[in-house]
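A.B. asks: Sharing a structure here in structure tokens format.
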Number of protein chains: 2
Amino acid sequence: MRKPRIVVLGAGYGGLMTVTRLQKQFSKDQAEIVLINKNDYHYETTWLHEASAGTLHHDKVRYDIKDVIDGHKVNFMQATVEDIKTDAKKVITDNGEVEYDYLVIALGAVSETFGIKGLHEHAFMIANINSARQLREHLEYQFATYKNEEDKKDERLTIVVGGAGFTGIEFLGELGNRIPELCKEYDVDFQKVRIVCVEAAPMILPGFDPELVKYARAKLEKKGVEFRIGTPLKEATENSVIISKGEDEVEEIQAGTIVWAAGVRGNPVIEKAEIENMRARVKVGKDLRAPGHDNIFVIGDCSLMINEEIDRPYPPTAQIAMQQGETCARNITALIKGNEALEQFKPDIKGTVCSLGEDDAIGLVYGKKLMGTKASFMKKVVDNRALYMVGGAGLVMKKGKFKFF
Amino acid sequence: MRKPRIVVLGAGYGGLMTVTRLQKQFSKDQAEIVLINKNDYHYETTWLHEASAGTLHHDKVRYDIKDVIDGHKVNFMQATVEDIKTDAKKVITDNGEVEYDYLVIALGAVSETFGIKGLHEHAFMIANINSARQLREHLEYQFATYKNEEDKKDERLTIVVGGAGFTGIEFLGELGNRIPELCKEYDVDFQKVRIVCVEAAPMILPGFDPELVKYARAKLEKKGVEFRIGTPLKEATENSVIISKGEDEVEEIQAGTIVWAAGVRGNPVIEKAEIENMRARVKVGKDLRAPGHDNIFVIGDCSLMINEEIDRPYPPTAQIAMQQGETCARNITALIKGNEALEQFKPDIKGTVCSLGEDDAIGLVYGKKLMGTKASFMKKVVDNRALYMVGGAGLVMKKGKFKFF
């Protein structure tokens, strides 16, 4: 009898948790495990705002996949997934085709621009290592150019961040630390720099506790951030954004840097594969399988699950992706070992912490409100825990965050 | 009797040597010394190729002027010189006017583009701290953008350096060290990078010993530099250079970075002031005074002196500028103290070393040919000596180069 082949797509939080759990369940003879990922490294999506601002080097934000997988049991293939043929049980990549018996789709999210004109062309995204490095270097280049140009364009030092959700706010917090450093590095007057956050919703960090939100806003304003709340961004041009002003008017803000941090959607491969989806996210069953596909699991940002208590989807977080990875590995193990009763996934939300820079944050942890250094400490604990879950203590020692105060 | 006022324009090698020597000659009551400089720091022009490539941080290439002048005796004024009214004995700056009894013009050189179309707009120069930082950041941004763009433009990684004189060759040497680092930092294949040096003259480093030139060329070619010698650069566009090819043809090289390192001229203020000059350089007398101006000394890159042995001008070097500063200070002292016999300046050329990166160089020192690590060692000795001459052992300890091998 041929041993079953499990193919995991994506080495993000969900995919790596699945693989590291699966490799403990099977001997080499019991199952073949294949992990397919675009890069030969995993990166911490939740730390990208730091690499993008330049406050943390991108090599601290990624690690080699081979450092956490068991090379004897897992076959790693570096390739970009292009399509999935569910009838033929095949994955199409830019590096060849791979057949599967069980498939785990953990391809993560991509930026969503909601069709806003010019964003795709002119805005920087906080999406991956490559985009983070480009944003970091773009910021530096603006400062260097400003200092060297004969006719100084002050708008070169204006940074517009679209979106006051989690990513937007965390990025603004890092900018608060980074801008003074850039001013020093390039002999630029801090007063010349302008940071504007544009958000269509009527508040920042929608859904977060109002007291914590108030704290976050006050701290970021103190670091120089101007908030334009309840203000939809209508268009981005090469060096400006056009935003709503009242009912009918618009305002143009000249800006040397435009960052779009206002939304994500699932991976387009899911739409291409014609698996039932909503904006490339699959509304999975409680056992994490795609509707109508008994051998396909979808986890992480590509999956959609409803939080029945509030009748809204769970947010796409690393915490949930990792928990799904564990359940997914157990359910595949059950299927292969002939156990029909699959585990029902239920997120166990331990808390949420939103950083506001190196030494500040807000958070709700086990129902308790935290702000300032306590929250910042918890954020680092959360970050280190993610490393521990995938790669153990060794990975925490190598890539962990220990600069507490 | 009013005490005489000596005004020194420029805090480069020549200006700082003059001021640090003058401040030892006079008490506060004997003379007033004013130093005017655009920045509140001095920078090592001869190290700018390192800051531009990104192999040495620009803060290692500059130091505060107040660290080397005696604040009790010298009045430092941060201002940009705009004109000199020799009849009225006045210097016009963007920060007010200053009268002088004795004037030292040590304003250094600016880049010379020889009217080549597009260079001023599209080429980066290795001219000062601001331009060096911009070039460094531009290079990084090209690598970051290349890695993040969907349709890879390989020409983004092409660097064209115009000029195979001292600055061009030293910059190419640094690129040889820096490019592999950038490839690693941005996960870019080294084979995609192209470095082209375009030089109109029939050889690199004209005037240098042929054996040393051959060594330099071979070493740079090994680091990946392509030489186009005897090839005039005709035009620079936003993303290409147009060069001669044979008698009548031209060739266009697409390039993400264009650096112009092929020539300098004196400071335009000299032309504006209508002091007799040749391309903003003043052919000074042997006592370093401008013709027809008994109270104006011109030193460094703004001065022009003929080497009678070969009937050609001495090159604009830090070595000569510093020696001129010493003579200039002695001659001003003589004039003020009523001694009519001024010293005749004669350069004492101890040698010339051209670096080829961190650990390689070629040089002629006291008539002896050097190459490789020995020459590289001598280069660092020369660099440290310049610091010592202006700021003593303390400055050498603070800013010196000690990473010998």
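By order in the structure tokens, chains are A, B, ...; within a chain, residues start at 1; ligands start at 1, following the order shown.
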Define the interface residues of chain A facing chain B as those within 8 Å, counting only C-alpha atoms, and report them as a ChimeraX atom specification.
C.D. replies: /A:130-131,133-134,137-138,140-141,144-145,147-148,186
A.B. asks: Within 8 Å of B:Ile299, counting only C-alpha atoms, which residues qualify if same-chain residues fewer than 4 places away don't, as number ranges by chain?
C.D. replies: B: 14-15, 104-106, 288, 303, 321, 324-325, 328
A.B. asks: Write out as number ranges by chain the residues lying within 10 Å of stretch 78-91 of chain B, counting only C-alpha atoms and excluding same-chain residues fewer than 4 positions away.
C.D. replies: B: 7, 9-10, 35-41, 95-103, 105, 107, 268-275, 293, 295-296
A.B. asks: Grab the residues selected above and save them as a tab-separated table (two decimals), in the first residue's frame with N, CA, C and O atoms.
C.D. replies:
```tsv
chain	number	residue	atom	x	y	z
B	7	VAL	N	39.70	86.54	8.20
B	7	VAL	CA	38.51	85.74	7.93
B	7	VAL	C	38.89	84.56	7.03
B	7	VAL	O	39.48	84.76	5.96
B	9	LEU	N	37.52	81.36	4.91
B	9	LEU	CA	36.29	80.81	4.31
B	9	LEU	C	36.49	79.33	4.01
B	9	LEU	O	37.31	78.97	3.17
B	10	GLY	N	35.74	78.50	4.70
B	10	GLY	CA	35.81	77.07	4.42
B	10	GLY	C	36.57	76.31	5.49
B	10	GLY	O	37.66	76.71	5.89
B	35	LEU	N	36.12	82.08	11.36
B	35	LEU	CA	36.01	80.95	10.42
B	35	LEU	C	34.56	80.84	9.98
B	35	LEU	O	33.65	80.76	10.82
B	36	ILE	N	34.35	80.87	8.68
B	36	ILE	CA	32.98	80.76	8.14
B	36	ILE	C	32.87	79.44	7.37
B	36	ILE	O	33.70	79.15	6.50
B	37	ASN	N	31.87	78.65	7.70
B	37	ASN	CA	31.67	77.38	6.99
B	37	ASN	C	30.19	77.07	6.92
B	37	ASN	O	29.42	77.38	7.83
B	38	LYS	N	29.80	76.43	5.84
B	38	LYS	CA	28.40	76.09	5.58
B	38	LYS	C	27.83	75.16	6.66
B	38	LYS	O	26.70	75.29	7.09
B	39	ASN	N	28.62	74.17	7.05
B	39	ASN	CA	28.19	73.20	8.06
B	39	ASN	C	28.95	73.43	9.35
B	39	ASN	O	30.00	74.05	9.35
B	40	ASP	N	28.44	72.89	10.44
B	40	ASP	CA	29.18	73.00	11.70
B	40	ASP	C	30.17	71.86	11.87
B	40	ASP	O	30.70	71.63	12.95
B	41	TYR	N	30.39	71.13	10.78
B	41	TYR	CA	31.35	70.03	10.81
B	41	TYR	C	32.32	70.12	9.63
B	41	TYR	O	32.02	70.75	8.62
B	95	ASN	N	23.96	84.68	6.02
B	95	ASN	CA	23.71	84.96	7.44
B	95	ASN	C	24.32	86.31	7.83
B	95	ASN	O	24.67	86.54	8.97
B	96	GLY	N	24.46	87.18	6.81
B	96	GLY	CA	24.99	88.52	7.09
B	96	GLY	C	26.35	88.77	6.46
B	96	GLY	O	26.93	87.87	5.82
B	97	GLU	N	26.85	89.97	6.61
B	97	GLU	CA	28.12	90.36	6.01
B	97	GLU	C	29.23	90.38	7.05
B	97	GLU	O	28.99	90.66	8.22
B	98	VAL	N	30.43	90.10	6.60
B	98	VAL	CA	31.57	90.11	7.52
B	98	VAL	C	32.73	90.86	6.86
B	98	VAL	O	33.11	90.55	5.73
B	99	GLU	N	33.26	91.84	7.56
B	99	GLU	CA	34.42	92.58	7.02
B	99	GLU	C	35.71	91.87	7.38
B	99	GLU	O	35.78	91.15	8.38
B	100	TYR	N	36.72	92.07	6.55
B	100	TYR	CA	38.00	91.41	6.82
B	100	TYR	C	39.16	92.36	6.57
B	100	TYR	O	39.05	93.31	5.79
B	101	ASP	N	40.27	92.07	7.23
B	101	ASP	CA	41.53	92.71	6.86
B	101	ASP	C	42.35	91.74	6.01
B	101	ASP	O	42.96	92.13	5.02
B	102	TYR	N	42.33	90.49	6.44
B	102	TYR	CA	43.01	89.43	5.67
B	102	TYR	C	41.97	88.34	5.39
B	102	TYR	O	41.20	87.97	6.27
B	103	LEU	N	41.99	87.87	4.15
B	103	LEU	CA	40.99	86.86	3.77
B	103	LEU	C	41.70	85.61	3.27
B	103	LEU	O	42.66	85.70	2.50
B	105	ILE	N	40.69	82.27	1.23
B	105	ILE	CA	39.64	81.57	0.48
B	105	ILE	C	40.04	80.10	0.38
B	105	ILE	O	41.03	79.75	-0.26
B	107	LEU	N	37.52	77.49	-0.11
B	107	LEU	CA	36.14	77.01	-0.27
B	107	LEU	C	36.02	75.68	-0.99
B	107	LEU	O	34.92	75.17	-1.20
B	268	PRO	N	32.25	78.46	-7.35
B	268	PRO	CA	31.69	79.53	-8.19
B	268	PRO	C	31.74	80.91	-7.53
B	268	PRO	O	31.68	81.92	-8.24
B	269	VAL	N	31.84	80.96	-6.21
B	269	VAL	CA	31.91	82.25	-5.53
B	269	VAL	C	33.09	83.07	-6.06
B	269	VAL	O	33.02	84.30	-6.18
B	270	ILE	N	34.17	82.39	-6.40
B	270	ILE	CA	35.37	83.08	-6.91
B	270	ILE	C	35.06	83.79	-8.23
B	270	ILE	O	35.50	84.92	-8.45
B	271	GLU	N	34.28	83.12	-9.08
B	271	GLU	CA	33.90	83.76	-10.34
B	271	GLU	C	33.01	84.97	-10.08
B	271	GLU	O	33.15	86.03	-10.67
B	272	LYS	N	32.08	84.78	-9.13
B	272	LYS	CA	31.15	85.86	-8.81
B	272	LYS	C	31.90	87.08	-8.25
B	272	LYS	O	31.56	88.22	-8.55
B	273	ALA	N	32.92	86.79	-7.46
B	273	ALA	CA	33.67	87.88	-6.83
B	273	ALA	C	34.60	88.58	-7.82
B	273	ALA	O	35.24	89.57	-7.50
B	274	GLU	N	34.67	88.03	-9.02
B	274	GLU	CA	35.50	88.61	-10.08
B	274	GLU	C	36.99	88.69	-9.72
B	274	GLU	O	37.68	89.63	-10.10
B	275	ILE	N	37.43	87.70	-8.96
B	275	ILE	CA	38.87	87.56	-8.75
B	275	ILE	C	39.39	86.79	-9.96
B	275	ILE	O	38.74	85.85	-10.42
B	293	HIS	N	45.86	91.19	-5.16
B	293	HIS	CA	45.20	91.31	-3.86
B	293	HIS	C	46.20	90.96	-2.76
B	293	HIS	O	46.42	89.78	-2.47
B	295	ASN	N	45.99	91.19	0.36
B	295	ASN	CA	45.42	90.68	1.61
B	295	ASN	C	44.53	89.44	1.41
B	295	ASN	O	43.80	89.07	2.30
B	296	ILE	N	44.58	88.86	0.21
B	296	ILE	CA	43.74	87.68	-0.03
B	296	ILE	C	44.62	86.47	-0.39
B	296	ILE	O	45.36	86.50	-1.38
```
A.B. asks: Step one, run DSSP on the backbone; step two, keep only residues of stretch 233-366 of chain A assigned to strand (DSSP E); then write them as a PyMOL selection string.
C.D. replies: chain A and resi 233-237+240-245+249-254+257-260+264-266+282-283+296-298+303-304+306-307+312-313+351-355+361-365
A.B. asks: Give me, as a VMD selection string, all polymer residues having an atom no more than 12 Å from A:Gln344, counting only C-alpha atoms and skipping those fewer than 2 positions away in the same chain.
C.D. replies: chain A and resid 284 to 289 305 323 to 324 326 to 328 330 to 331 341 to 342 346 to 347
A.B. asks: Figure out the distance between atom CA of B:Ile336 and atom CA of B:Val34, please, to one decimal in Å.
C.D. replies: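 Distance between the two atoms: 15.5 Å.
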